[in-house]
Amino acid sequence: MPEGTERSKAQYLLVAHAQQPLTLARGLLREAEEIYYRSRGPQPVATAGKWAFGKDSVVTIPDGEGEDGVTPLRVRTAPYREEVVLSRRRMLRAVGRHVAANARNSWKPGLMGRFFGRLLDLDDRKVTRLRMPAGKVTVVNAPTGVGKSVLLRAAAPLLAQNRAGPVAVVVGQIHESLSNTEHMRETEGELTRHALDEQIRQDDDHVRKTAAEFALAHPTLKVVPLVSGYRLAEQAGRALVQGREQRFEELAYGCDLSTWLTDGEPVRRGAEPCLSLRPADAADDREGPGPAHACPRLGVCGKYALIREAVDADVIVTNHHNLLGGSVPVPVETDKGVLDRISLLEFVMRRYPVLLVDEVDRMQQSWCEMGTDEFTLASRGTHRSSLLVEVDRQREVLDAASDRRLVPVLFKARSLGEQFLNYVLEGDLWLDPAEHDDDDRLNSGWHVPGAWDRWLLDKLLHVDITQPIDPDVYRDFRKIFPDRKKKKRNPPPPRYAHLAALLEKAVSRDESHDALPPVKTQIDRALAKLGVPGHERREITNALLVRAWLGSLRQSLRHLKAVLAGMGRREQMTAGRDLAKALGTFNRNPALPFGPLGYQLIGFKVEKDQHGGGRLSVQALSGDPHTSTVQLGGTIALATAGVERSILALSATAYFPGAAKEHLHTLPAYVMTDATPGSVTARAGNVSETPNGWNPIAIGGQDQASKPARLLDLGARLWTDRLSEHLRYLENHERDRARAMVVSNAYSQAMVLAAGIASVIPDPSWIAVVVKKKNTPPGGVAPPQGVVMITVDQLEDLPFTHPNVKVICAPMRLVARALNILVPGTDRSALASVWVATRPPADLHSPTSMYASIGAAGIAAGRAGPDPARMLADQSRAAHKRLYQLLSASPMLSRLPKFLKIEVLAGILVDMIQLAGRARRGGTPVQLYLVDNAFFATHFGTDYPSLLRAYYDQLTEHQQHHLRRTYGSTLTAWLDLAHSTDQPHLVHVPLPRASAAEYERP
């Protein structure tokens, strides 16, 4: 800053560098790339001799191994394509050829014809070409069951064959990536052999295998499933148990290090020391063992075979988490040099000019989840170890030089964290305002250092906090605390120097005894000298100490992060890597490391138990998932590969304003309006706990201890008053779809509901309940006699394996997406209705939900215009406002402000729409019933009808128009529920019939 210039009045900073700006930028980028490649070259390779790994294991590598190093993978960046086009005519021709290859695909041409016949662009014109310009995410929003999966699986080979590829297909889960690839290969075999009787195998990982057939005139395409090498062993073992021999052969691999083992524990499958071999004879070396070495078989190991095959594949299939967080952990040669490893995102962006992304809103949610980390920093009496304790246990594998750098910062962080927890458990310090009857305090449970700064400025410095705070005043205030920068050259104001010294003493940990009690007394006296009234000093003392303690703890964690980062990835401290990852050392999105907040957010939370123990946990939030998703083909592609890419993104719920985790902040380029009247109906399904009056059963908002008994009653009354008549009607009118799914919030709740239904149902074998592990009920809940227990892997096959099952009880989040239970031999859903037995929880204070809410609020506040600096400032202000709104909000839905209740509702509506989609395959209608009376209880302002009305009314006219245009009859169904004045209060009324239905007979 020029001398004499006031910082607060400066608006622009101009750097005089006497160079053309673009020339300078290119030079700086070139220099940065050179530094990047020099610092990330391939690590040394282990050669003949003895090498150690883990605690005391030793392998003896034979002569000749590793002498030529490891040959890097050659990954060449595919050229830029301005636009990729997928025409309706070519798609219909390709699908028509599928019918020629297999008559069981005869329904596909009609499905694709209807899909393109109803698809509209932004100008409401029918679509003849899907245009995918590079640099944008081209979003297609269409209902469930209209052909998006067929489009995805047919488009990938079509684009690859027409020189638009190679193509990357990105699906939601690992089992989806494997099954999609298997199915493409199966269908290619059908086409080349014209084997009409080829079996279309069922995939027991929830993805219905549909034919992705290739044109007969083209050669066979190379299709590779790309899943993380670290999970191949898990997937291979699973395939072996399931009897999937072909998949097992594809995924299983051996490890040569296992055959070279001469001492110690064997190599653990899935956690092989591929990159962390140490010379065994350097154990006593005072200088340490030196850098870790790579296995000499790294370039030919079966663990990384899929990566090698993907280098020249025509189509790869991977999943959201692997794309966003996976890596290529072998040497890679790019156009600019050789690196020891690259991210999978960079690999895909370099190699594949077209990406087809399924469930793109779920990918954005995955990005939110990956940007949040929570871990235990200290615990007392909870039988739970902390991550810092694990780092301490594992540091014995370090050499002395590394350990001496780690010890000071590790034990400083441990000391601060554990003693702070002790003080809170003893009541000497507090974060929870409920204990002290102070409604001005934060009550979310999470505490961010600085959250009380405005309150302290008011009480201590008497600043008018209703007005913008002067930056110089706030800067002087910050100097009071021990975590200020450059302490000797940045002294606190003289008036507060003594107070600052006391806060420094409180967190210094230099005393041989507990210094907090006398320091609190001294701070009270110092506040008295500053003129603070006596009745306020206790709260101000606590706020100052908490601010000082957590600020110092945050600072010590950052120092610890820096030391761990300096140790490199190859150290054998898994806890250290976990901690570094959680604190943001290895940023998963370096292109956009921070969201609208502009920095990584670190928060603390203390949870107490009933026995005087508790834990101190930390959450770290970073990245910008909302911008990253819509900029996947633009900023992200440019940052990782240097070129923009074309992205076709599919979803049934990509556009839903207010849904923080799911809503994409861009308009869909193409939409299919859900225009079929009556295709979705949303109705009240509540039941009374007594047969002779109306006393509806509520689960949400009730005491946790009472819920199991209430769920048992709910299950019994649900069958008696609702399901028995409903299924009888279906048995008479649509027998092949006479099934209902009852969803709840957890495995245990699903089992309790099943028990309640089983207590009154004629035959318990009509009930299937989804469990986490095969034939293993959730802890503490006994399975009812005769009820069928299945895992989610077996759910799609239920109409084949258990045709008598009429009621399916399952956790909602488990079945809301990527699940197709079909009538055998058809593409029609075997479900007719979905019953939501428990109100979903109001999840606003988990790290993922907070992160999504803060980011969404910031992004939504920005408006494109001629002043980008102002837009960023608006986004930052909105994000900070939402942060403190969340910190000051109760975790209870009834106590949330209305705008946060609406945000919770929007996210639940997305899940409900996806859930209803499970029963809409093949265009079948679905009835969705809300059973828990908490959906309709009006006394706390949490009833869904009023929240639905409030949600829709707070949208802009523009948003309402696009919501109607996108969801059509689905939106109408929910608005009908919202405005209904006649909520049915059904008491059991039997329908007349001559005899019992077949499924009710003994």
# chains A, B, ... in the order shown; residues from 1 in each chain; ligands from 1
$ residues_around --residues "A:Gln749" --least-positions-apart "2" --cutoff "10 Å" --atoms "only C-alpha atoms" --output "number ranges by chain"
A: 707-708, 711-712, 743-747, 751-755, 778, 781, 809-811, 837-838
$ write_last_selection --atoms "N, CA, C and O atoms" --output "PDB file, in the first residue's frame"
ATOM      1  N   LYS A 707     -40.164 -44.669  20.823  1.00  0.00           N
ATOM      2  CA  LYS A 707     -40.398 -44.916  19.406  1.00  0.00           C
ATOM      3  C   LYS A 707     -40.580 -46.393  19.056  1.00  0.00           C
ATOM      4  O   LYS A 707     -41.444 -46.729  18.236  1.00  0.00           O
ATOM      5  N   PRO A 708     -39.785 -47.334  19.611  1.00  0.00           N
ATOM      6  CA  PRO A 708     -40.003 -48.733  19.226  1.00  0.00           C
ATOM      7  C   PRO A 708     -41.427 -49.210  19.472  1.00  0.00           C
ATOM      8  O   PRO A 708     -42.030 -49.867  18.610  1.00  0.00           O
ATOM      9  N   LEU A 711     -43.704 -47.618  16.963  1.00  0.00           N
ATOM     10  CA  LEU A 711     -43.531 -48.192  15.635  1.00  0.00           C
ATOM     11  C   LEU A 711     -44.219 -49.548  15.526  1.00  0.00           C
ATOM     12  O   LEU A 711     -44.785 -49.887  14.474  1.00  0.00           O
ATOM     13  N   LEU A 712     -44.167 -50.336  16.600  1.00  0.00           N
ATOM     14  CA  LEU A 712     -44.889 -51.613  16.600  1.00  0.00           C
ATOM     15  C   LEU A 712     -46.387 -51.384  16.393  1.00  0.00           C
ATOM     16  O   LEU A 712     -47.025 -52.058  15.570  1.00  0.00           O
ATOM     17  N   VAL A 743     -41.216 -47.538   4.092  1.00  0.00           N
ATOM     18  CA  VAL A 743     -39.867 -47.037   4.349  1.00  0.00           C
ATOM     19  C   VAL A 743     -39.832 -46.280   5.674  1.00  0.00           C
ATOM     20  O   VAL A 743     -40.822 -45.690   6.117  1.00  0.00           O
ATOM     21  N   SER A 744     -38.652 -46.315   6.292  1.00  0.00           N
ATOM     22  CA  SER A 744     -38.417 -45.637   7.572  1.00  0.00           C
ATOM     23  C   SER A 744     -37.016 -45.042   7.540  1.00  0.00           C
ATOM     24  O   SER A 744     -36.395 -44.947   6.476  1.00  0.00           O
ATOM     25  N   ASN A 745     -36.494 -44.678   8.704  1.00  0.00           N
ATOM     26  CA  ASN A 745     -35.217 -43.959   8.749  1.00  0.00           C
ATOM     27  C   ASN A 745     -34.010 -44.827   9.067  1.00  0.00           C
ATOM     28  O   ASN A 745     -32.891 -44.327   9.027  1.00  0.00           O
ATOM     29  N   ALA A 746     -34.209 -46.106   9.405  1.00  0.00           N
ATOM     30  CA  ALA A 746     -33.075 -46.931   9.829  1.00  0.00           C
ATOM     31  C   ALA A 746     -33.421 -48.401   9.675  1.00  0.00           C
ATOM     32  O   ALA A 746     -34.595 -48.781   9.576  1.00  0.00           O
ATOM     33  N   TYR A 747     -32.373 -49.236   9.664  1.00  0.00           N
ATOM     34  CA  TYR A 747     -32.571 -50.682   9.616  1.00  0.00           C
ATOM     35  C   TYR A 747     -33.416 -51.162  10.800  1.00  0.00           C
ATOM     36  O   TYR A 747     -34.309 -52.002  10.652  1.00  0.00           O
ATOM     37  N   MET A 751     -37.121 -53.119  10.839  1.00  0.00           N
ATOM     38  CA  MET A 751     -37.390 -54.408  11.470  1.00  0.00           C
ATOM     39  C   MET A 751     -38.547 -54.314  12.465  1.00  0.00           C
ATOM     40  O   MET A 751     -39.394 -55.223  12.549  1.00  0.00           O
ATOM     41  N   VAL A 752     -38.607 -53.230  13.228  1.00  0.00           N
ATOM     42  CA  VAL A 752     -39.698 -53.064  14.191  1.00  0.00           C
ATOM     43  C   VAL A 752     -41.034 -52.934  13.457  1.00  0.00           C
ATOM     44  O   VAL A 752     -42.056 -53.510  13.870  1.00  0.00           O
ATOM     45  N   LEU A 753     -41.051 -52.173  12.362  1.00  0.00           N
ATOM     46  CA  LEU A 753     -42.280 -52.065  11.568  1.00  0.00           C
ATOM     47  C   LEU A 753     -42.705 -53.427  11.032  1.00  0.00           C
ATOM     48  O   LEU A 753     -43.887 -53.774  11.043  1.00  0.00           O
ATOM     49  N   ALA A 754     -41.722 -54.199  10.557  1.00  0.00           N
ATOM     50  CA  ALA A 754     -42.025 -55.540  10.063  1.00  0.00           C
ATOM     51  C   ALA A 754     -42.620 -56.402  11.174  1.00  0.00           C
ATOM     52  O   ALA A 754     -43.558 -57.180  10.941  1.00  0.00           O
ATOM     53  N   ALA A 755     -42.099 -56.256  12.384  1.00  0.00           N
ATOM     54  CA  ALA A 755     -42.636 -57.017  13.511  1.00  0.00           C
ATOM     55  C   ALA A 755     -44.077 -56.612  13.810  1.00  0.00           C
ATOM     56  O   ALA A 755     -44.930 -57.463  14.110  1.00  0.00           O
ATOM     57  N   PRO A 778     -30.761 -56.160  12.799  1.00  0.00           N
ATOM     58  CA  PRO A 778     -30.067 -55.067  13.497  1.00  0.00           C
ATOM     59  C   PRO A 778     -29.989 -55.335  14.985  1.00  0.00           C
ATOM     60  O   PRO A 778     -30.847 -56.016  15.560  1.00  0.00           O
ATOM     61  N   VAL A 781     -32.866 -55.915  18.011  1.00  0.00           N
ATOM     62  CA  VAL A 781     -34.207 -56.093  17.454  1.00  0.00           C
ATOM     63  C   VAL A 781     -34.335 -57.528  16.960  1.00  0.00           C
ATOM     64  O   VAL A 781     -33.628 -57.941  16.035  1.00  0.00           O
ATOM     65  N   CYS A 809     -40.187 -53.795   3.845  1.00  0.00           N
ATOM     66  CA  CYS A 809     -39.797 -52.776   4.827  1.00  0.00           C
ATOM     67  C   CYS A 809     -38.311 -52.470   4.639  1.00  0.00           C
ATOM     68  O   CYS A 809     -37.482 -53.389   4.669  1.00  0.00           O
ATOM     69  N   ALA A 810     -37.967 -51.185   4.466  1.00  0.00           N
ATOM     70  CA  ALA A 810     -36.581 -50.822   4.151  1.00  0.00           C
ATOM     71  C   ALA A 810     -36.279 -49.408   4.620  1.00  0.00           C
ATOM     72  O   ALA A 810     -37.191 -48.581   4.734  1.00  0.00           O
ATOM     73  N   PRO A 811     -34.998 -49.097   4.884  1.00  0.00           N
ATOM     74  CA  PRO A 811     -34.609 -47.712   5.174  1.00  0.00           C
ATOM     75  C   PRO A 811     -34.749 -46.853   3.913  1.00  0.00           C
ATOM     76  O   PRO A 811     -34.366 -47.262   2.819  1.00  0.00           O
ATOM     77  N   ALA A 837     -43.289 -44.354   6.555  1.00  0.00           N
ATOM     78  CA  ALA A 837     -43.782 -44.619   7.906  1.00  0.00           C
ATOM     79  C   ALA A 837     -43.254 -43.641   8.937  1.00  0.00           C
ATOM     80  O   ALA A 837     -43.894 -43.441   9.982  1.00  0.00           O
ATOM     81  N   THR A 838     -42.082 -43.053   8.705  1.00  0.00           N
ATOM     82  CA  THR A 838     -41.502 -42.122   9.680  1.00  0.00           C
ATOM     83  C   THR A 838     -41.039 -40.867   8.956  1.00  0.00           C
ATOM     84  O   THR A 838     -40.480 -40.937   7.859  1.00  0.00           O
TER      85      THR A 838
END
$ select_by_dssp --residues "stretch 666-810 of chain A" --states "strand (DSSP E or B)" --output "NGL selection string"
:A and (670-672 or 680-684 or 688 or 696 or 740-744 or 767-770 or 773 or 776 or 788-790 or 807-810)
$ closest_residue --among "A:Ile902, A:Val910, A:Leu86, A:Val671" --to "A:Leu119" --atoms "only C-alpha atoms"
A:Val671
$ residues_around --residues "A:Ile859" --least-positions-apart "5" --cutoff "12 Å" --atoms "only C-alpha atoms" --output "MDAnalysis selection string"
chainID A and resid 595:597 624:628 630 657:658 660 663:666 852:854 864 871:880 882
$ closest_residue --among "A:Lys412, A:Arg921, A:Arg393, A:Arg244" --to "A:Met573" --atoms "only C-alpha atoms"
A:Arg393
$ residues_around --residues "stretch 299-305 of chain A" --least-positions-apart "5" --cutoff "7 Å" --atoms "only C-alpha atoms" --output "MDAnalysis selection string"
chainID A and resid 70:71 229 253:254
$ atom_distance --atom1 "atom CA of A:Glu536" --atom2 "atom CA of A:Ile523"
12.5 Å
$ residues_around --residues "A:Tyr851" --least-positions-apart "6" --cutoff "8 Å" --atoms "only C-alpha atoms" --output "JSON, numbers by chain"
{"A": [368, 371, 372, 621]}
$ atom_distance --atom1 "atom CA of A:Leu324" --atom2 "atom CA of A:Pro590"
11.4 Å
$ atom_distance --atom1 "atom CA of A:Ser833" --atom2 "atom CA of A:Tyr729"
12.1 Å
$ decode --residues "stretch 741-775 of chain A" --atoms "N, CA, C and O atoms" --output "compact mmCIF listing (two decimals), in the first residue's frame"
# COMPACT_ATOMS: atom_id res chain seq x y z
N MET A 741 -44.11 -50.86 -0.59
CA MET A 741 -42.86 -50.66 0.14
C MET A 741 -43.12 -49.70 1.29
O MET A 741 -43.69 -48.62 1.10
N VAL A 742 -42.71 -50.11 2.49
CA VAL A 742 -42.86 -49.29 3.69
C VAL A 742 -41.46 -48.85 4.10
O VAL A 742 -40.60 -49.67 4.42
N VAL A 743 -41.22 -47.54 4.09
CA VAL A 743 -39.87 -47.04 4.35
C VAL A 743 -39.83 -46.28 5.67
O VAL A 743 -40.82 -45.69 6.12
N SER A 744 -38.65 -46.32 6.29
CA SER A 744 -38.42 -45.64 7.57
C SER A 744 -37.02 -45.04 7.54
O SER A 744 -36.39 -44.95 6.48
N ASN A 745 -36.49 -44.68 8.70
CA ASN A 745 -35.22 -43.96 8.75
C ASN A 745 -34.01 -44.83 9.07
O ASN A 745 -32.89 -44.33 9.03
N ALA A 746 -34.21 -46.11 9.40
CA ALA A 746 -33.08 -46.93 9.83
C ALA A 746 -33.42 -48.40 9.68
O ALA A 746 -34.60 -48.78 9.58
N TYR A 747 -32.37 -49.24 9.66
CA TYR A 747 -32.57 -50.68 9.62
C TYR A 747 -33.42 -51.16 10.80
O TYR A 747 -34.31 -52.00 10.65
N SER A 748 -33.11 -50.65 11.99
CA SER A 748 -33.83 -51.09 13.18
C SER A 748 -35.31 -50.72 13.09
O SER A 748 -36.18 -51.50 13.48
N GLN A 749 -35.61 -49.52 12.58
CA GLN A 749 -37.01 -49.13 12.44
C GLN A 749 -37.73 -50.01 11.43
O GLN A 749 -38.90 -50.36 11.63
N ALA A 750 -37.04 -50.37 10.35
CA ALA A 750 -37.65 -51.26 9.36
C ALA A 750 -38.01 -52.60 9.99
O ALA A 750 -39.09 -53.16 9.73
N MET A 751 -37.12 -53.12 10.84
CA MET A 751 -37.39 -54.41 11.47
C MET A 751 -38.55 -54.31 12.46
O MET A 751 -39.39 -55.22 12.55
N VAL A 752 -38.61 -53.23 13.23
CA VAL A 752 -39.70 -53.06 14.19
C VAL A 752 -41.03 -52.93 13.46
O VAL A 752 -42.06 -53.51 13.87
N LEU A 753 -41.05 -52.17 12.36
CA LEU A 753 -42.28 -52.06 11.57
C LEU A 753 -42.71 -53.43 11.03
O LEU A 753 -43.89 -53.77 11.04
N ALA A 754 -41.72 -54.20 10.56
CA ALA A 754 -42.02 -55.54 10.06
C ALA A 754 -42.62 -56.40 11.17
O ALA A 754 -43.56 -57.18 10.94
N ALA A 755 -42.10 -56.26 12.38
CA ALA A 755 -42.64 -57.02 13.51
C ALA A 755 -44.08 -56.61 13.81
O ALA A 755 -44.93 -57.46 14.11
N GLY A 756 -44.36 -55.31 13.73
CA GLY A 756 -45.72 -54.85 13.97
C GLY A 756 -46.69 -55.38 12.92
O GLY A 756 -47.80 -55.82 13.26
N ILE A 757 -46.29 -55.35 11.66
CA ILE A 757 -47.15 -55.87 10.60
C ILE A 757 -47.32 -57.37 10.75
O ILE A 757 -48.42 -57.92 10.59
N ALA A 758 -46.22 -58.07 11.08
CA ALA A 758 -46.26 -59.53 11.22
C ALA A 758 -47.20 -59.97 12.34
O ALA A 758 -47.73 -61.09 12.31
N SER A 759 -47.41 -59.12 13.33
CA SER A 759 -48.26 -59.51 14.46
C SER A 759 -49.73 -59.62 14.07
O SER A 759 -50.51 -60.24 14.81
N VAL A 760 -50.11 -59.05 12.93
CA VAL A 760 -51.53 -59.09 12.54
C VAL A 760 -51.74 -59.64 11.13
O VAL A 760 -52.88 -59.88 10.74
N ILE A 761 -50.70 -59.85 10.38
CA ILE A 761 -50.83 -60.31 9.00
C ILE A 761 -51.11 -61.82 9.01
O ILE A 761 -50.62 -62.54 9.89
N PRO A 762 -51.92 -62.32 8.07
CA PRO A 762 -52.19 -63.77 8.06
C PRO A 762 -50.97 -64.65 7.87
O PRO A 762 -50.88 -65.72 8.45
N ASP A 763 -50.00 -64.18 7.08
CA ASP A 763 -48.82 -64.99 6.80
C ASP A 763 -47.58 -64.09 6.84
O ASP A 763 -47.40 -63.25 5.96
N PRO A 764 -46.69 -64.22 7.86
CA PRO A 764 -45.51 -63.34 7.94
C PRO A 764 -44.57 -63.45 6.75
O PRO A 764 -43.77 -62.54 6.51
N SER A 765 -44.65 -64.55 5.96
CA SER A 765 -43.76 -64.68 4.81
C SER A 765 -44.15 -63.72 3.69
O SER A 765 -43.45 -63.64 2.68
N TRP A 766 -45.26 -63.00 3.85
CA TRP A 766 -45.61 -61.96 2.89
C TRP A 766 -44.75 -60.70 3.11
O TRP A 766 -44.81 -59.77 2.32
N ILE A 767 -43.97 -60.68 4.18
CA ILE A 767 -43.17 -59.49 4.53
C ILE A 767 -41.70 -59.78 4.25
O ILE A 767 -41.17 -60.83 4.64
N ALA A 768 -41.03 -58.85 3.61
CA ALA A 768 -39.57 -58.88 3.47
C ALA A 768 -39.01 -57.62 4.13
O ALA A 768 -39.56 -56.53 3.96
N VAL A 769 -37.95 -57.79 4.88
CA VAL A 769 -37.32 -56.65 5.53
C VAL A 769 -35.86 -56.61 5.12
O VAL A 769 -35.18 -57.64 5.08
N VAL A 770 -35.39 -55.43 4.78
CA VAL A 770 -34.01 -55.25 4.32
C VAL A 770 -33.09 -55.11 5.54
O VAL A 770 -33.35 -54.27 6.42
N VAL A 771 -32.04 -55.92 5.57
CA VAL A 771 -31.07 -55.88 6.67
C VAL A 771 -29.70 -55.53 6.09
O VAL A 771 -29.46 -55.63 4.88
N LYS A 772 -28.81 -55.12 6.97
CA LYS A 772 -27.49 -54.67 6.52
C LYS A 772 -26.62 -55.84 6.08
O LYS A 772 -25.93 -55.77 5.06
N LYS A 773 -26.65 -56.92 6.86
CA LYS A 773 -25.87 -58.11 6.54
C LYS A 773 -26.82 -59.29 6.39
O LYS A 773 -27.85 -59.38 7.06
N LYS A 774 -26.43 -60.22 5.55
CA LYS A 774 -27.29 -61.36 5.23
C LYS A 774 -27.68 -62.13 6.49
O LYS A 774 -26.84 -62.51 7.29
N ASN A 775 -28.98 -62.33 6.64
CA ASN A 775 -29.55 -63.11 7.75
C ASN A 775 -29.14 -62.58 9.13
O ASN A 775 -29.12 -63.32 10.11
